[in-house]
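Asks: Sharing a structure below in structure tokens format, with a few things to ask.
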Amino acid sequence: MTSEHDPVHIYLISRGCTPLVVRRGVSGLLEHWASIVAATERGRDASLDEWLNDMDLRDILAGALAAATPRERAAAALRLAESDARFVAITEPSPCLWGDEIARTNSWRPEWQWWYFRSPLVPGPTLREDLLVNGLLRTK
């Protein structure tokens, strides 16, 4: 929960987040990210647009944590590390999901915004097709 003068609150509004996301703050973002990871582990089939929305949520979470106090970051660290480790274990490196031009424009790099450079090891049929059509699926 955030107040209107809280840097996290201000950041979330600046990112265009819904009032519910703004109200729930970092805690709500952590919960949502954990649920995305769990759904991916269960084999959720998503479109590329849905996957991009999920990765945008992880990006918003990173920004919210950057705006948070050191105490808030410390409180979130273990939960985030667990979700991120699970996510990395079920995904593989890929070209930037938004495309090279958008990555350059936003100065995204796999070392920093790694979530935009990963796709599921076993994508569902819809996501697999979308990744293939967009040249994002690594062939083995």
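Each chain of the structure tokens is named A, B, ... in the order shown, its residues numbered from 1; ligands are numbered from 1 in display order.
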Would you pick out the contacts of A:Phe87 at 12 Å or less, using only C-alpha atoms, so that residues sharing its chain but fewer than 5 positions from it are not included, and give the list as a list in words?

Replies: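 Residues meeting the cut-off are Trp33, Ala34, Ser35, Ile36, Val37, Ala38, Ala39, Thr40, Glu41, Arg42, Asp54, Met55, Arg58, Leu80, Ala81, Glu82, Glu92, Pro93, Trp114, Trp115, Arg118, Ser119, Pro120 and Leu121 of chain A.
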
Asks: For the structure I just gave you, how does DSSP split stretch 37-81 of chain A - specifically, which residues are helix (DSSP H, G or I)? Reply as JSON, numbers by chain.

Replies: {"A": [37, 38, 39, 40, 41, 48, 49, 50, 51, 52, 53, 54, 55, 56, 57, 58, 59, 60, 61, 62, 63, 64, 65, 66, 67, 70, 71, 72, 73, 74, 75, 76, 77, 78, 79, 80, 81]}

Asks: Select, from A:Ser47, A:Ser107, A:Leu131, A:Ala75, the residue with the minimum atom-to-atom distance to A:Ser94, counting only C-alpha atoms.

Replies: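 Distance minimum relative to A:Ser94 lands on A:Leu131.
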
Asks: Using only C-alpha atoms, find the one residue out of A:Asp6, A:Asp49, A:Glu111, A:Asp56 that sits nearest to A:Leu29.

Replies: A:Asp56

Asks: With only C-alpha atoms as the counted atoms, please give the residues lying no more than 12 Å from A:Glu72, apart from itself and same-chain residues fewer than 5 positions off, as a PyMOL selection string.

Replies: chain A and resi 1-2+6-8+25-27+30+64-67+77-80

Asks: How would the residues just picked look written out with N, CA and C atoms as a tab-separated table (two decimals), in the first residue's frame?

Replies:
chain	number	residue	atom	x	y	z
A	1	MET	N	0.86	-1.17	0.00
A	1	MET	CA	0.00	0.00	0.00
A	1	MET	C	0.90	1.23	0.00
A	2	THR	N	0.60	2.19	-0.85
A	2	THR	CA	1.42	3.40	-0.95
A	2	THR	C	0.58	4.64	-0.69
A	6	ASP	N	4.48	9.04	-1.67
A	6	ASP	CA	5.50	7.99	-1.68
A	6	ASP	C	6.13	7.90	-3.07
A	7	PRO	N	7.46	7.80	-3.14
A	7	PRO	CA	8.12	7.70	-4.46
A	7	PRO	C	7.64	6.51	-5.30
A	8	VAL	N	7.31	5.39	-4.66
A	8	VAL	CA	6.80	4.24	-5.40
A	8	VAL	C	5.45	4.59	-6.02
A	25	GLY	N	1.05	-1.41	-4.60
A	25	GLY	CA	2.47	-1.10	-4.52
A	25	GLY	C	3.38	-2.28	-4.80
A	26	VAL	N	4.55	-2.23	-4.19
A	26	VAL	CA	5.58	-3.25	-4.40
A	26	VAL	C	5.07	-4.63	-4.01
A	27	SER	N	4.37	-4.72	-2.90
A	27	SER	CA	3.86	-6.01	-2.45
A	27	SER	C	2.95	-6.65	-3.50
A	30	LEU	N	5.04	-7.83	-6.47
A	30	LEU	CA	5.73	-9.08	-6.14
A	30	LEU	C	4.79	-10.27	-6.24
A	64	ALA	N	9.83	0.20	-9.61
A	64	ALA	CA	9.23	0.47	-8.30
A	64	ALA	C	10.25	0.22	-7.19
A	65	LEU	N	11.02	-0.85	-7.33
A	65	LEU	CA	12.05	-1.13	-6.33
A	65	LEU	C	13.15	-0.08	-6.34
A	66	ALA	N	13.48	0.44	-7.51
A	66	ALA	CA	14.47	1.51	-7.59
A	66	ALA	C	13.98	2.76	-6.88
A	67	ALA	N	12.67	3.00	-6.91
A	67	ALA	CA	12.08	4.16	-6.24
A	67	ALA	C	11.85	3.91	-4.75
A	77	ALA	N	13.61	-8.36	-1.25
A	77	ALA	CA	14.75	-9.01	-1.91
A	77	ALA	C	14.62	-10.54	-2.00
A	78	LEU	N	14.32	-11.20	-0.90
A	78	LEU	CA	14.28	-12.66	-0.91
A	78	LEU	C	13.17	-13.18	-1.81
A	79	ARG	N	11.99	-12.61	-1.67
A	79	ARG	CA	10.85	-13.05	-2.49
A	79	ARG	C	11.12	-12.83	-3.97
A	80	LEU	N	11.69	-11.68	-4.30
A	80	LEU	CA	11.99	-11.39	-5.70
A	80	LEU	C	13.07	-12.34	-6.22

Asks: Determine, counting only C-alpha atoms, which protein, DNA and RNA residues have an atom within 10 Å of an atom of A:Arg128; residues of the same chain fewer than 5 positions away are not included. Present the result as an MDAnalysis selection string.

Replies: chainID A and resid 45:48 119:120 122:123 133:134 136:137

Asks: Limited to N, CA and C atoms, could you put the picked residues into a file as a PDB file, in the first residue's frame?

Replies:
ATOM      1  N   ASP A  45      -0.321 -21.154 -21.630  1.00  0.00           N
ATOM      2  CA  ASP A  45      -0.153 -20.721 -23.020  1.00  0.00           C
ATOM      3  C   ASP A  45      -0.626 -19.281 -23.114  1.00  0.00           C
ATOM      4  N   ALA A  46       0.234 -18.432 -23.594  1.00  0.00           N
ATOM      5  CA  ALA A  46      -0.070 -17.015 -23.735  1.00  0.00           C
ATOM      6  C   ALA A  46       0.299 -16.579 -25.140  1.00  0.00           C
ATOM      7  N   SER A  47      -0.276 -15.493 -25.568  1.00  0.00           N
ATOM      8  CA  SER A  47       0.158 -14.889 -26.824  1.00  0.00           C
ATOM      9  C   SER A  47       1.427 -14.084 -26.539  1.00  0.00           C
ATOM     10  N   LEU A  48       2.109 -13.664 -27.590  1.00  0.00           N
ATOM     11  CA  LEU A  48       3.285 -12.820 -27.398  1.00  0.00           C
ATOM     12  C   LEU A  48       2.884 -11.518 -26.712  1.00  0.00           C
ATOM     13  N   SER A 119      12.567 -16.236 -23.097  1.00  0.00           N
ATOM     14  CA  SER A 119      11.294 -16.854 -23.476  1.00  0.00           C
ATOM     15  C   SER A 119      11.236 -18.238 -22.834  1.00  0.00           C
ATOM     16  N   PRO A 120      10.025 -18.784 -22.674  1.00  0.00           N
ATOM     17  CA  PRO A 120       9.902 -20.092 -22.016  1.00  0.00           C
ATOM     18  C   PRO A 120      10.671 -21.185 -22.751  1.00  0.00           C
ATOM     19  N   VAL A 122       9.701 -24.178 -22.882  1.00  0.00           N
ATOM     20  CA  VAL A 122       8.645 -24.924 -23.565  1.00  0.00           C
ATOM     21  C   VAL A 122       7.430 -24.005 -23.690  1.00  0.00           C
ATOM     22  N   PRO A 123       7.423 -23.164 -24.723  1.00  0.00           N
ATOM     23  CA  PRO A 123       6.267 -22.280 -24.881  1.00  0.00           C
ATOM     24  C   PRO A 123       5.033 -23.062 -25.309  1.00  0.00           C
ATOM     25  N   VAL A 133       6.844 -16.591 -35.682  1.00  0.00           N
ATOM     26  CA  VAL A 133       6.459 -15.571 -36.665  1.00  0.00           C
ATOM     27  C   VAL A 133       7.311 -14.310 -36.515  1.00  0.00           C
ATOM     28  N   ASN A 134       7.693 -14.000 -35.276  1.00  0.00           N
ATOM     29  CA  ASN A 134       8.457 -12.783 -35.009  1.00  0.00           C
ATOM     30  C   ASN A 134       9.975 -13.027 -34.958  1.00  0.00           C
ATOM     31  N   LEU A 136      11.724 -14.913 -32.994  1.00  0.00           N
ATOM     32  CA  LEU A 136      12.242 -14.879 -31.627  1.00  0.00           C
ATOM     33  C   LEU A 136      12.486 -16.249 -31.034  1.00  0.00           C
ATOM     34  N   LEU A 137      12.139 -17.286 -31.753  1.00  0.00           N
ATOM     35  CA  LEU A 137      12.298 -18.644 -31.223  1.00  0.00           C
ATOM     36  C   LEU A 137      13.632 -19.197 -31.706  1.00  0.00           C
TER      37      LEU A 137
END

Asks: Find the residues near A:Val22: any atom within 6 Å, counting only C-alpha atoms, skip ones fewer than 3 places away on the same chain, and give them as a list in words.

Replies: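 Surrounding residues, per the criterion: His9, Leu12, Pro19 and Gly25 of chain A.
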
Asks: Counting only C-alpha atoms, which residue out of A:Pro110, A:Tyr11, A:Ala103, A:Thr91 sits closest to A:Leu61?

Replies: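 That would be A:Tyr11, the residue with the smallest distance to A:Leu61.
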
Asks: Could you pull out all residues of chain A with a DSSP call of strand (DSSP E) and give them as a list in words?

Replies: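 Secondary structure check on chain A, strand (DSSP E): Thr91, Glu92, Pro93, Arg118, Ser119 and Pro120 of chain A.
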